[in-house]
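Q: File upload-v6.tsv follows (TSV, C-alpha atoms):
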chain	number	residue	atom	x	y	z
A	765	ALA	CA	91.05	95.49	91.53
A	766	GLN	CA	91.97	93.95	94.83
A	767	SER	CA	92.68	96.22	97.77
A	768	VAL	CA	93.63	95.98	101.43
A	769	THR	CA	92.31	98.36	104.06
A	770	GLN	CA	93.87	98.71	107.46
A	771	LEU	CA	91.29	100.56	109.45
A	772	ASP	CA	93.58	102.24	111.97
A	773	SER	CA	96.69	104.17	111.02
A	774	GLN	CA	97.88	104.37	114.63
A	775	VAL	CA	97.04	102.32	117.71
A	776	PRO	CA	98.37	103.47	121.08
A	777	VAL	CA	98.14	100.94	123.90
A	778	PHE	CA	99.58	100.39	127.35
A	779	GLU	CA	101.93	97.54	128.08
A	780	GLU	CA	100.21	94.24	128.98
A	781	ALA	CA	96.92	95.41	127.46
A	782	PRO	CA	95.27	93.47	124.60
A	783	VAL	CA	95.37	94.84	121.08
A	784	GLU	CA	93.59	94.23	117.77
A	785	LEU	CA	94.84	95.57	114.44
A	786	ARG	CA	92.14	95.42	111.81
A	787	CYS	CA	92.53	94.41	108.19
A	788	ASN	CA	89.90	94.03	105.48
A	789	TYR	CA	90.49	93.01	101.90
A	790	SER	CA	88.41	93.09	98.76
A	791	SER	CA	88.52	89.99	96.64
A	792	SER	CA	85.95	87.54	95.35
A	793	VAL	CA	88.48	84.77	94.80
A	794	SER	CA	90.65	82.67	97.07
A	795	VAL	CA	93.48	84.66	98.58
A	796	TYR	CA	96.55	84.15	100.70
A	797	LEU	CA	96.84	86.58	103.61
A	798	PHE	CA	99.92	87.85	105.40
A	799	TRP	CA	100.87	90.07	108.28
A	800	TYR	CA	104.33	91.63	108.16
A	801	VAL	CA	106.00	93.63	110.94
A	802	GLN	CA	108.49	96.45	110.45
A	803	TYR	CA	110.56	97.49	113.46
A	804	PRO	CA	112.05	100.99	113.40
A	805	ASN	CA	114.63	101.46	110.65
A	806	GLN	CA	114.39	97.87	109.49
A	807	GLY	CA	112.89	95.90	106.63
A	808	LEU	CA	109.69	93.90	106.79
A	809	GLN	CA	109.56	90.51	108.49
A	810	LEU	CA	106.81	87.94	108.11
A	811	LEU	CA	104.72	87.64	111.26
A	812	LEU	CA	102.19	85.04	110.13
A	813	LYS	CA	100.25	83.89	107.09
A	814	TYR	CA	97.01	82.19	106.16
A	815	LEU	CA	96.96	79.89	103.16
A	816	SER	CA	94.14	77.43	103.86
A	817	GLY	CA	92.78	75.16	106.57
A	818	SER	CA	92.31	76.42	110.11
A	819	THR	CA	91.12	80.00	110.07
A	820	LEU	CA	93.17	80.87	113.18
A	821	VAL	CA	96.91	81.23	112.65
A	822	GLU	CA	99.51	82.01	115.26
A	823	SER	CA	102.99	83.48	115.37
A	824	ILE	CA	105.83	82.45	117.65
A	825	ASN	CA	105.69	85.69	119.64
A	826	GLY	CA	102.07	85.51	120.77
A	827	PHE	CA	100.21	87.20	117.90
A	828	GLU	CA	97.30	85.49	116.19
A	829	ALA	CA	95.07	86.34	113.27
A	830	GLU	CA	91.73	84.97	112.21
A	831	PHE	CA	90.60	84.64	108.64
A	832	ASN	CA	86.93	85.48	108.23
A	833	LYS	CA	85.81	84.80	104.69
A	834	SER	CA	82.29	86.17	105.07
A	835	GLN	CA	83.58	89.49	106.39
A	836	THR	CA	86.72	89.44	104.20
A	837	SER	CA	88.81	90.25	107.25
A	838	PHE	CA	92.12	89.11	108.72
A	839	HIS	CA	92.44	90.94	112.03
A	840	LEU	CA	95.62	90.61	114.11
A	841	ARG	CA	95.38	90.23	117.88
A	842	LYS	CA	97.60	89.85	120.89
A	843	PRO	CA	96.21	89.35	124.40
A	844	SER	CA	99.07	91.16	126.17
A	845	VAL	CA	101.53	93.45	124.38
A	846	HIS	CA	105.11	94.32	125.30
A	847	ILE	CA	107.13	97.45	124.72
A	848	SER	CA	109.11	95.46	122.15
A	849	ASP	CA	105.97	95.05	120.02
A	850	THR	CA	106.16	98.72	119.08
A	851	ALA	CA	106.42	98.64	115.29
A	852	GLU	CA	104.45	99.15	112.12
A	853	TYR	CA	102.29	96.26	110.99
A	854	PHE	CA	101.28	95.63	107.40
A	855	CYS	CA	98.51	93.39	106.16
A	856	ALA	CA	99.00	92.01	102.65
A	857	VAL	CA	97.11	89.78	100.24
A	858	SER	CA	98.14	87.72	97.24
A	859	THR	CA	95.64	86.53	94.69
A	860	PRO	CA	95.49	84.17	91.71
A	861	SER	CA	96.37	87.15	89.50
A	862	GLY	CA	100.06	86.69	88.92
A	863	GLY	CA	99.97	83.20	90.34
A	864	TYR	CA	99.90	84.35	93.97
A	865	ASN	CA	103.35	85.80	93.47
A	866	LYS	CA	102.54	89.49	93.98
A	867	LEU	CA	101.51	91.17	97.21
A	868	ILE	CA	99.05	94.01	97.70
A	869	PHE	CA	99.76	95.87	100.92
A	870	GLY	CA	97.61	97.90	103.24
A	871	ALA	CA	98.76	101.34	104.35
A	872	GLY	CA	100.06	100.01	107.67
A	873	THR	CA	99.15	100.40	111.33
A	874	ARG	CA	101.64	101.93	113.71
A	875	LEU	CA	101.42	100.21	117.08
A	876	ALA	CA	102.84	102.24	119.95
A	877	VAL	CA	103.11	100.41	123.28
A	878	HIS	CA	103.51	102.69	126.29
A	879	PRO	CA	104.76	101.71	129.76
B	1351	ASN	CA	123.08	83.24	104.62
B	1352	ALA	CA	122.89	87.01	104.32
B	1353	GLY	CA	119.37	86.84	102.90
B	1354	VAL	CA	118.45	89.98	100.95
B	1355	THR	CA	120.93	92.86	101.00
B	1356	GLN	CA	120.61	96.36	99.56
B	1357	THR	CA	123.23	98.90	98.58
B	1358	PRO	CA	123.46	101.74	99.50
B	1359	LYS	CA	121.58	102.26	102.78
B	1360	PHE	CA	121.23	106.03	102.34
B	1361	ARG	CA	121.62	108.40	99.44
B	1362	VAL	CA	120.96	112.06	98.73
B	1363	LEU	CA	120.58	113.17	95.13
B	1364	LYS	CA	119.94	116.43	93.39
B	1365	THR	CA	117.08	116.71	90.94
B	1366	GLY	CA	118.13	115.33	87.57
B	1367	GLN	CA	120.92	113.10	88.85
B	1368	SER	CA	120.91	109.39	88.20
B	1369	MET	CA	121.68	106.44	90.40
B	1370	THR	CA	121.35	102.68	90.68
B	1371	LEU	CA	120.21	100.72	93.70
B	1372	LEU	CA	121.51	97.18	94.02
B	1373	CYS	CA	119.64	94.28	95.54
B	1374	ALA	CA	121.31	90.91	96.08
B	1375	GLN	CA	119.89	87.66	97.43
B	1376	ASP	CA	121.67	84.42	98.25
B	1377	MET	CA	118.62	82.17	98.57
B	1378	ASN	CA	118.44	81.18	94.88
B	1379	HIS	CA	114.99	82.75	94.62
B	1380	GLU	CA	113.37	83.10	91.22
B	1381	TYR	CA	111.25	86.14	91.96
B	1382	MET	CA	112.57	89.56	92.93
B	1383	TYR	CA	110.72	92.79	93.58
B	1384	TRP	CA	111.29	96.50	94.09
B	1385	TYR	CA	108.90	98.49	96.27
B	1386	ARG	CA	108.72	102.02	97.49
B	1387	GLN	CA	107.35	102.91	100.92
B	1388	ASP	CA	105.77	106.28	101.55
B	1389	PRO	CA	104.01	107.44	104.74
B	1390	GLY	CA	100.38	106.40	104.85
B	1391	MET	CA	100.60	104.46	101.60
B	1392	GLY	CA	102.12	101.15	102.56
B	1393	LEU	CA	104.40	99.49	100.02
B	1394	ARG	CA	103.80	99.90	96.33
B	1395	LEU	CA	105.33	97.64	93.71
B	1396	ILE	CA	107.58	99.40	91.20
B	1397	HIS	CA	108.93	96.53	89.09
B	1398	TYR	CA	109.44	92.84	89.54
B	1399	SER	CA	111.23	89.93	87.91
B	1400	VAL	CA	110.17	86.31	87.55
B	1401	GLY	CA	113.62	85.10	86.57
B	1402	GLU	CA	117.00	86.01	85.16
B	1403	GLY	CA	116.68	88.25	82.13
B	1404	THR	CA	112.98	89.03	82.66
B	1405	THR	CA	111.34	92.09	84.20
B	1406	ALA	CA	107.80	93.43	84.42
B	1407	LYS	CA	106.07	96.63	85.52
B	1408	GLY	CA	104.33	96.92	88.82
B	1409	GLU	CA	101.92	99.50	90.16
B	1410	VAL	CA	104.18	102.59	89.99
B	1411	PRO	CA	106.88	102.00	87.33
B	1412	ASP	CA	107.20	105.51	85.85
B	1413	GLY	CA	110.63	107.07	86.27
B	1414	TYR	CA	112.34	103.79	87.10
B	1415	ASN	CA	114.11	101.08	85.13
B	1416	VAL	CA	115.31	97.66	86.25
B	1417	SER	CA	117.60	94.89	85.12
B	1418	ARG	CA	118.14	91.29	86.19
B	1419	LEU	CA	121.26	90.12	84.39
B	1420	LYS	CA	122.12	87.62	87.12
B	1421	LYS	CA	119.65	85.56	89.11
B	1422	GLN	CA	120.92	86.83	92.44
B	1423	ASN	CA	120.90	90.55	91.57
B	1424	PHE	CA	118.11	92.99	90.78
B	1425	LEU	CA	119.05	96.58	89.95
B	1426	LEU	CA	116.75	99.60	90.18
B	1427	GLY	CA	117.75	102.69	88.20
B	1428	LEU	CA	116.63	106.27	88.36
B	1429	GLU	CA	117.71	108.02	85.17
B	1430	SER	CA	116.68	111.55	86.18
B	1431	ALA	CA	115.72	111.78	89.84
B	1432	ALA	CA	112.78	113.94	90.91
B	1433	PRO	CA	111.74	115.07	94.42
B	1434	SER	CA	108.66	112.83	94.09
B	1435	GLN	CA	111.03	109.86	94.16
B	1436	THR	CA	112.11	110.66	97.72
B	1437	SER	CA	111.15	107.47	99.51
B	1438	VAL	CA	112.37	104.33	101.19
B	1439	TYR	CA	113.02	101.56	98.69
B	1440	PHE	CA	112.74	97.90	99.58
B	1441	CYS	CA	113.81	94.90	97.64
B	1442	ALA	CA	112.28	91.48	98.20
B	1443	SER	CA	112.71	87.97	96.86
B	1444	LYS	CA	110.60	84.83	96.78
B	1445	GLU	CA	110.73	81.22	95.73
B	1446	ALA	CA	108.70	80.23	92.69
B	1447	VAL	CA	106.18	78.49	94.93
B	1448	SER	CA	102.85	80.23	95.17
B	1449	TYR	CA	102.32	79.98	98.91
B	1450	ASN	CA	105.77	81.09	100.03
B	1451	GLU	CA	106.32	84.51	101.46
B	1452	GLN	CA	108.50	87.32	100.22
B	1453	PHE	CA	111.75	88.09	102.08
B	1454	PHE	CA	112.69	91.74	102.40
B	1455	GLY	CA	115.95	93.65	102.47
B	1456	PRO	CA	116.72	96.39	105.01
B	1457	GLY	CA	115.81	99.25	102.69
B	1458	THR	CA	117.46	102.25	101.03
B	1459	ARG	CA	116.46	105.73	102.14
B	1460	LEU	CA	116.66	108.08	99.15
B	1461	THR	CA	116.25	111.83	99.34
B	1462	VAL	CA	116.01	113.90	96.16
B	1463	LEU	CA	116.56	117.62	96.65
Take the structure from the file and write it as structure tokens.
A:
Amino acid sequence: AQSVTQLDSQVPVFEEAPVELRCNYSSSVSVYLFWYVQYPNQGLQLLLKYLSGSTLVESINGFEAEFNKSQTSFHLRKPSVHISDTAEYFCAVSTPSGGYNKLIFGAGTRLAVHP
Amino acid sequence: NAGVTQTPKFRVLKTGQSMTLLCAQDMNHEYMYWYRQDPGMGLRLIHYSVGEGTTAKGEVPDGYNVSRLKKQNFLLGLESAAPSQTSVYFCASKEAVSYNEQFFGPGTRLTVL
């Protein structure tokens, strides 16, 4: 069965520092990959997604993620974080099982940005 | 567009009580989903629906029932609530296009005493 592993449950970082949130998945078939963000007391919002093509995908607020097929990873990075980036981040994968219409989520990484 | 809405936002139940959570979407999406979110476990799929009148079990369906009588609504029922069902419940919807993402509601925080 497919699974998603987020290697860090919590990541504390100072404002304006770079950050990387790690995500690995287990699948031998083509997958779609997603990063969702959940701000405190809110629902999940899509941050970015990888479907095919360029392995580097970017969001409008400065995050980027790189798909690495050989390492089955989809790590999320930002070169300089802001206080407003404090949130929980979820990596998710959809697979051909169910026609790419179901998501498997990682356990989440709580990013805490300190001044 | 309101997107995906959930009712109620908070609820406290006693063990054995029943309740229904309502999810509504105004995007004409075919697919709808119910998840539960527990600390350290991410989101787990309870039930989902691929269209009006159809439902299917997800990863953790026990203790829950669902109905999709109208395309825009997806109801999640707890017939006899248990403390293990204390959680935050999220509804999501999606177009019937494989590469499109799911859109999430704001969540319902349920406490079962």
Q: Show me which bits of chain B are within 10 Å of chain A, counting only C-alpha atoms, as a ChimeraX atom specification.
A: /B:1354,1381-1383,1387-1395,1398,1400,1408-1409,1439-1442,1444-1459
Q: Atom CA of A:Val857 and atom CA of A:Ala876 are how many Å apart?
A: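 Straight-line distance from atom CA of A:Val857 to atom CA of A:Ala876 works out to 24.0 Å.
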Q: What is the distance, in Å and to one decimal place, between atom CA of B:Thr1357 and atom CA of B:Cys1373?
A: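 So the two atoms, atom CA of B:Thr1357 and atom CA of B:Cys1373, lie 6.6 Å apart.
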Q: Might you pull out every residue within 8 Å of A:Pro776, with all atoms listed in the file counted and same-chain residues fewer than 6 positions away left off, and present them as an NGL selection string?
A: :A and (875-878)
Q: Taking all atoms listed in the file into account, which of B:Met1369, B:Val1462, B:Gln1375, B:Arg1361 comes nearest B:Gln1422?
A: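 Of B:Met1369, B:Val1462, B:Gln1375, B:Arg1361, the one nearest B:Gln1422, counting all atoms listed in the file, is B:Gln1375.
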Q: Which is closest to B:Leu1372 among B:Gly1427, B:Gly1353, B:Gly1413, B:Gly1401, if we use all atoms listed in the file?
A: B:Gly1427
Q: Using atom CA of A:Ile847 and atom CA of A:Arg874 as the two end points, give the distance in Å to one decimal.
A: 13.1 Å
Q: Counting all atoms listed in the file, which residues come within 10 Å of (111.2, 107.7, 93.5), with the point read in the file's coordinates, and could you list them as a ChimeraX atom specification?
A: /B:1385-1388,1396,1410-1414,1427-1428,1430-1439,1460-1462
Q: Just checking: using all atoms listed in the file, which residue out of B:Gln1356, B:Thr1405, B:Ser1417, B:Asn1423 ends up closest to B:Met1377?
A: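 Counting all atoms listed in the file, the residue closest to B:Met1377 is B:Asn1423.
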